$ cat my_file-v3.cif   # mmCIF, C-alpha atoms
data_protein
loop_
_atom_site.label_atom_id
_atom_site.label_comp_id
_atom_site.auth_asym_id
_atom_site.auth_seq_id
_atom_site.Cartn_x
_atom_site.Cartn_y
_atom_site.Cartn_z
CA GLN A 5 0.00 0.00 0.00
CA ARG A 6 1.37 3.39 -1.01
CA GLN A 7 1.94 6.13 1.52
CA PRO A 8 0.35 9.48 0.65
CA ARG A 9 2.71 12.30 -0.17
CA SER A 10 2.49 15.59 1.63
CA PRO A 11 0.11 17.99 -0.16
CA LEU A 12 2.99 20.45 -0.10
CA ALA A 13 4.93 18.09 -2.36
CA LEU A 14 2.48 19.07 -5.09
CA LEU A 15 3.54 22.70 -4.99
CA PRO A 16 6.06 23.79 -7.63
CA ALA A 17 9.65 23.02 -6.75
CA ARG A 18 11.79 25.95 -5.67
CA PRO A 19 15.54 26.37 -5.61
CA ALA A 20 17.42 25.40 -2.48
CA LEU A 21 17.72 28.21 0.02
CA SER A 22 21.18 29.56 0.65
CA VAL A 23 21.29 32.65 2.79
CA GLY A 24 24.49 34.59 2.70
CA GLY A 25 25.94 38.01 2.07
CA SER A 26 25.10 41.12 3.98
CA SER A 27 21.92 43.04 4.46
CA THR A 28 21.10 46.07 2.38
CA GLY A 29 19.79 48.49 4.97
CA SER A 30 21.14 49.88 8.19
CA GLY A 31 23.69 47.10 8.67
CA THR A 32 22.12 46.04 11.95
CA GLY A 33 20.84 42.80 10.50
CA SER A 34 17.25 43.68 11.37
CA ASP A 35 16.53 44.41 7.73
CA VAL A 36 17.12 40.92 6.37
CA ASP A 37 14.30 39.17 4.52
CA VAL A 38 14.59 35.87 2.69
CA GLY A 39 12.92 35.55 -0.68
CA ALA A 40 12.96 33.01 -3.47
CA GLY A 41 16.33 31.35 -3.89
CA GLY A 42 17.62 32.88 -0.66
CA ALA A 43 17.63 36.45 -1.97
CA LEU A 44 18.05 38.99 0.78
CA LEU A 45 15.46 41.72 0.67
CA GLY A 46 14.53 44.67 2.70
CA GLY A 47 15.47 47.65 4.70
CA PRO A 48 14.01 48.71 8.02
CA SER A 49 11.72 51.20 6.30
CA GLU A 50 10.16 48.33 4.34
CA ALA A 51 9.13 46.34 7.43
CA GLN A 52 5.57 47.56 7.07
CA GLN A 53 5.30 46.54 3.42
CA HIS A 54 3.86 43.16 2.53
CA ARG A 55 5.95 41.08 0.13
CA PRO A 56 4.00 38.08 -1.16
CA GLY A 57 5.92 34.81 -1.11
CA VAL A 58 8.64 36.09 1.22
CA VAL A 59 9.59 34.81 4.65
CA ARG A 60 10.85 37.70 6.75
CA LYS A 61 13.27 37.05 9.59
CA VAL A 62 12.36 38.87 12.79
CA LEU A 63 15.40 39.93 14.81
CA THR A 64 13.87 42.12 17.54
CA PRO A 65 10.65 42.17 19.56
CA GLY A 66 9.99 45.65 18.15
CA GLU A 67 10.01 44.26 14.63
CA MET A 68 7.45 41.64 15.62
CA ASP A 69 5.23 44.35 17.07
CA ALA A 70 5.68 46.45 13.91
CA TYR A 71 4.58 43.59 11.66
CA LEU A 72 1.50 42.95 13.78
CA ALA A 73 0.60 46.65 13.84
CA ALA A 74 1.23 47.15 10.12
CA HIS A 75 -0.91 44.21 8.98
CA PRO A 76 -4.14 44.15 11.01
CA ASP A 77 -6.16 42.78 8.07
CA ARG A 78 -3.74 39.98 7.16
CA LEU A 79 -2.91 36.73 8.86
CA VAL A 80 0.60 37.04 10.29
CA VAL A 81 2.19 33.60 10.55
CA THR A 82 5.33 33.27 12.68
CA MET A 83 7.47 30.13 12.75
CA CYS A 84 9.29 30.07 16.07
CA THR A 85 12.55 28.15 15.68
CA SER A 86 15.92 27.56 17.26
CA GLN A 87 19.26 27.22 15.54
CA HIS A 88 19.70 23.59 16.60
CA CYS A 89 16.17 22.48 15.61
CA LYS A 90 16.50 19.80 12.94
CA PRO A 91 12.72 19.56 12.22
CA CYS A 92 12.74 23.35 11.64
CA LYS A 93 15.50 22.99 9.06
CA VAL A 94 13.74 20.08 7.37
CA PHE A 95 10.42 21.96 7.22
CA ARG A 96 11.89 25.28 6.07
CA PRO A 97 11.59 24.60 2.29
CA GLU A 98 7.92 23.71 2.78
CA TYR A 99 7.44 26.86 4.86
CA LEU A 100 8.82 28.89 1.96
CA GLN A 101 6.35 27.13 -0.34
CA LEU A 102 3.52 27.99 2.04
CA ALA A 103 4.59 31.63 1.90
CA GLU A 104 4.22 31.51 -1.87
CA ARG A 105 0.95 29.59 -1.85
CA PHE A 106 -0.69 31.79 0.80
CA SER A 107 0.70 35.04 -0.58
CA ASP A 108 -1.83 37.23 1.25
CA PHE A 109 -0.35 36.14 4.58
CA VAL A 110 2.62 37.87 6.19
CA VAL A 111 5.07 35.04 6.85
CA LEU A 112 7.76 35.48 9.49
CA GLU A 113 10.50 33.45 11.14
CA LEU A 114 11.68 34.13 14.67
CA THR A 115 14.76 32.25 15.91
CA GLY A 116 14.76 32.29 19.70
CA ASP A 117 18.45 31.81 20.18
CA ASP A 118 19.45 34.69 17.88
CA SER A 119 19.36 37.06 20.85
CA SER A 120 18.41 37.27 24.50
CA GLU A 121 15.49 39.54 23.50
CA LEU A 122 14.04 36.90 21.16
CA ARG A 123 14.64 34.19 23.76
CA ALA A 124 12.55 36.32 26.15
CA VAL A 125 9.79 36.60 23.51
CA MET A 126 9.67 32.83 23.12
CA ARG A 127 9.54 32.40 26.91
CA ALA A 128 6.71 34.95 27.15
CA TRP A 129 4.87 33.09 24.40
CA GLN A 130 5.48 29.84 26.31
CA ILE A 131 7.15 28.15 23.34
CA LYS A 132 8.17 24.70 24.62
CA THR A 133 8.99 22.99 21.32
CA THR A 134 10.21 24.10 17.93
CA PRO A 135 8.94 24.62 15.42
CA THR A 136 5.87 26.30 16.83
CA PHE A 137 3.68 28.37 14.53
CA ARG A 138 1.77 31.33 15.94
CA MET A 139 -0.93 32.95 13.81
CA PHE A 140 -2.18 36.46 14.44
CA ARG A 141 -4.99 38.48 12.90
CA GLY A 142 -5.77 42.02 13.97
CA GLY A 143 -2.76 41.86 16.29
CA GLN A 144 -4.41 39.06 18.29
CA LEU A 145 -3.26 35.46 18.53
CA VAL A 146 -5.82 33.28 16.72
CA HIS A 147 -4.09 29.90 16.55
CA THR A 148 -0.94 28.05 17.62
CA VAL A 149 0.45 24.83 16.15
CA SER A 150 3.48 22.91 17.44
CA GLY A 151 5.30 20.51 15.14
CA THR A 152 4.85 19.75 11.46
CA ARG A 153 3.47 16.20 11.34
CA ASP A 154 0.21 15.19 9.69
CA ASN A 155 -0.18 18.46 7.77
CA LYS A 156 -0.98 20.31 11.01
CA VAL A 157 0.44 23.59 9.72
CA LEU A 158 -1.36 23.39 6.38
CA ASP A 159 -4.64 22.47 8.07
CA ALA A 160 -4.29 25.44 10.44
CA LEU A 161 -3.56 27.86 7.58
CA LEU A 162 -6.55 26.60 5.63
CA ALA A 163 -8.75 27.06 8.70
CA GLN A 164 -7.60 30.68 9.03
CA LEU A 165 -8.23 31.64 5.39
CA LEU A 166 -10.83 34.30 4.77
CA PRO A 167 -12.87 34.37 1.55
CA GLY A 168 -10.84 35.85 -1.28
CA GLU A 169 -7.41 35.30 0.27
CA ALA A 170 -4.75 33.59 -1.82
CA GLY A 171 -4.76 29.87 -1.18
CA ALA A 172 -8.55 29.69 -0.82
CA ASP A 173 -8.60 27.49 -3.94
CA TRP A 174 -6.46 24.89 -2.15
CA ASN A 175 -8.48 21.72 -1.73
CA LEU A 176 -6.67 19.41 0.68
CA ALA A 177 -8.93 16.43 -0.05
CA THR A 178 -8.37 16.70 -3.81
CA GLN A 179 -4.63 17.15 -3.35
CA GLN A 180 -4.43 14.06 -1.12
CA GLU A 181 -6.39 11.96 -3.63
CA GLU A 182 -4.02 13.05 -6.39
CA SER A 183 -0.99 12.23 -4.25
CA TRP A 184 -2.16 8.60 -3.94
CA ALA A 185 -2.03 8.14 -7.71
#
$ encode --input "my_file-v3.cif" --output "structure tokens"
Amino acid sequence: QRQPRSPLALLPARPALSVGGSSTGSGTGSDVDVGAGGALLGGPSEAQQHRPGVVRKVLTPGEMDAYLAAHPDRLVVTMCTSQHCKPCKVFRPEYLQLAERFSDFVVLELTGDDSSELRAVMRAWQIKTTPTFRMFRGGQLVHTVSGTRDNKVLDALLAQLLPGEAGADWNLATQQEESWA
């Protein structure tokens, strides 16, 4: 009997991510965004702009607050990670695909051991395992998912979609049937 593939496996393939180089803004590192193919994007003044298909790396609690304040009408999805988290590294390419598929969402990554400030944020949020995904709308937490097994993240994103948002055409049941073929 064949095992079903992840519905995310049906998304178009993307180049491997390789982040390197230096940021293009203030030089503080807080202006680094990761786009397709590992391209670095941004500048602190652009933090309030939405870039579809981009995962933005949050480096300060103030940046997290700015994203939430700047996007009250969008779902803000934050993957809380740690540098040593192997499941986070394994899931990262799929997370980038989700950012592309659900392009109306603001997709962020917060690595708790990047600084003592971010470690404090993860403690305040009571993050016990990584990856943990926190979803905000209107600046309020609407859903939290820990781990990546059994399409938990995809199911949670689909549940948070509003009519007309990108990704609303995603039909998990149809995709799973096709993956059995």
$ resolve_selection --input "my_file-v3.cif" --expression "the PyMOL selection byres ((chain A and resi 143) around 10)" --output "VMD selection string"
chain A and resid 69 to 80 139 to 142 144 to 146
$ residues_around --input "my_file-v3.cif" --residues "Phe109 (chain A)" --least-positions-apart "5" --cutoff "9 Å" --atoms "all atoms listed in the file" --output "MDAnalysis selection string"
chainID A and resid 54 56:57 78:81 103 169:170
$ resolve_selection --input "my_file-v3.cif" --expression "the PyMOL selection byres ((chain A and resi 124-137) around 9)" --output "JSON, numbers by chain"
{"A": [65, 81, 82, 83, 84, 85, 86, 89, 91, 92, 95, 114, 115, 116, 119, 120, 121, 122, 123, 138, 139, 147, 148, 149, 150, 151, 152, 157]}
$ write_last_selection --input "my_file-v3.cif" --atoms "C-alpha atoms" --output "PDB file, in the frame of the given file"
ATOM      1  CA  PRO A  65      10.650  42.170  19.560  1.00  0.00           C
ATOM      2  CA  VAL A  81       2.190  33.600  10.550  1.00  0.00           C
ATOM      3  CA  THR A  82       5.330  33.270  12.680  1.00  0.00           C
ATOM      4  CA  MET A  83       7.470  30.130  12.750  1.00  0.00           C
ATOM      5  CA  CYS A  84       9.290  30.070  16.070  1.00  0.00           C
ATOM      6  CA  THR A  85      12.550  28.150  15.680  1.00  0.00           C
ATOM      7  CA  SER A  86      15.920  27.560  17.260  1.00  0.00           C
ATOM      8  CA  CYS A  89      16.170  22.480  15.610  1.00  0.00           C
ATOM      9  CA  PRO A  91      12.720  19.560  12.220  1.00  0.00           C
ATOM     10  CA  CYS A  92      12.740  23.350  11.640  1.00  0.00           C
ATOM     11  CA  PHE A  95      10.420  21.960   7.220  1.00  0.00           C
ATOM     12  CA  LEU A 114      11.680  34.130  14.670  1.00  0.00           C
ATOM     13  CA  THR A 115      14.760  32.250  15.910  1.00  0.00           C
ATOM     14  CA  GLY A 116      14.760  32.290  19.700  1.00  0.00           C
ATOM     15  CA  SER A 119      19.360  37.060  20.850  1.00  0.00           C
ATOM     16  CA  SER A 120      18.410  37.270  24.500  1.00  0.00           C
ATOM     17  CA  GLU A 121      15.490  39.540  23.500  1.00  0.00           C
ATOM     18  CA  LEU A 122      14.040  36.900  21.160  1.00  0.00           C
ATOM     19  CA  ARG A 123      14.640  34.190  23.760  1.00  0.00           C
ATOM     20  CA  ARG A 138       1.770  31.330  15.940  1.00  0.00           C
ATOM     21  CA  MET A 139      -0.930  32.950  13.810  1.00  0.00           C
ATOM     22  CA  HIS A 147      -4.090  29.900  16.550  1.00  0.00           C
ATOM     23  CA  THR A 148      -0.940  28.050  17.620  1.00  0.00           C
ATOM     24  CA  VAL A 149       0.450  24.830  16.150  1.00  0.00           C
ATOM     25  CA  SER A 150       3.480  22.910  17.440  1.00  0.00           C
ATOM     26  CA  GLY A 151       5.300  20.510  15.140  1.00  0.00           C
ATOM     27  CA  THR A 152       4.850  19.750  11.460  1.00  0.00           C
ATOM     28  CA  VAL A 157       0.440  23.590   9.720  1.00  0.00           C
TER      29      VAL A 157
END
$ atom_distance --input "my_file-v3.cif" --atom1 "CA of Arg60 (chain A)" --atom2 "CA of Leu165 (chain A)"
20.1 Å
$ atom_distance --input "my_file-v3.cif" --atom1 "CA of Leu100 (chain A)" --atom2 "CA of Glu113 (chain A)"
10.4 Å
$ atom_distance --input "my_file-v3.cif" --atom1 "CA of Phe106 (chain A)" --atom2 "CA of Leu161 (chain A)"
8.3 Å
$ resolve_selection --input "my_file-v3.cif" --expression "the PyMOL selection byres ((chain A and resi 63) around 7)" --output "ChimeraX atom specification"
/A:34,61-62,64,67,114
$ axis_aligned_box --input "my_file-v3.cif" --around "region 121-130 of chain A" --padding-each-side "8 Å" --output "AutoDock Vina command-line options"
--center_x 10.2 --center_y 34.7 --center_z 24.2 --size_x 26.6 --size_y 25.7 --size_z 22.0
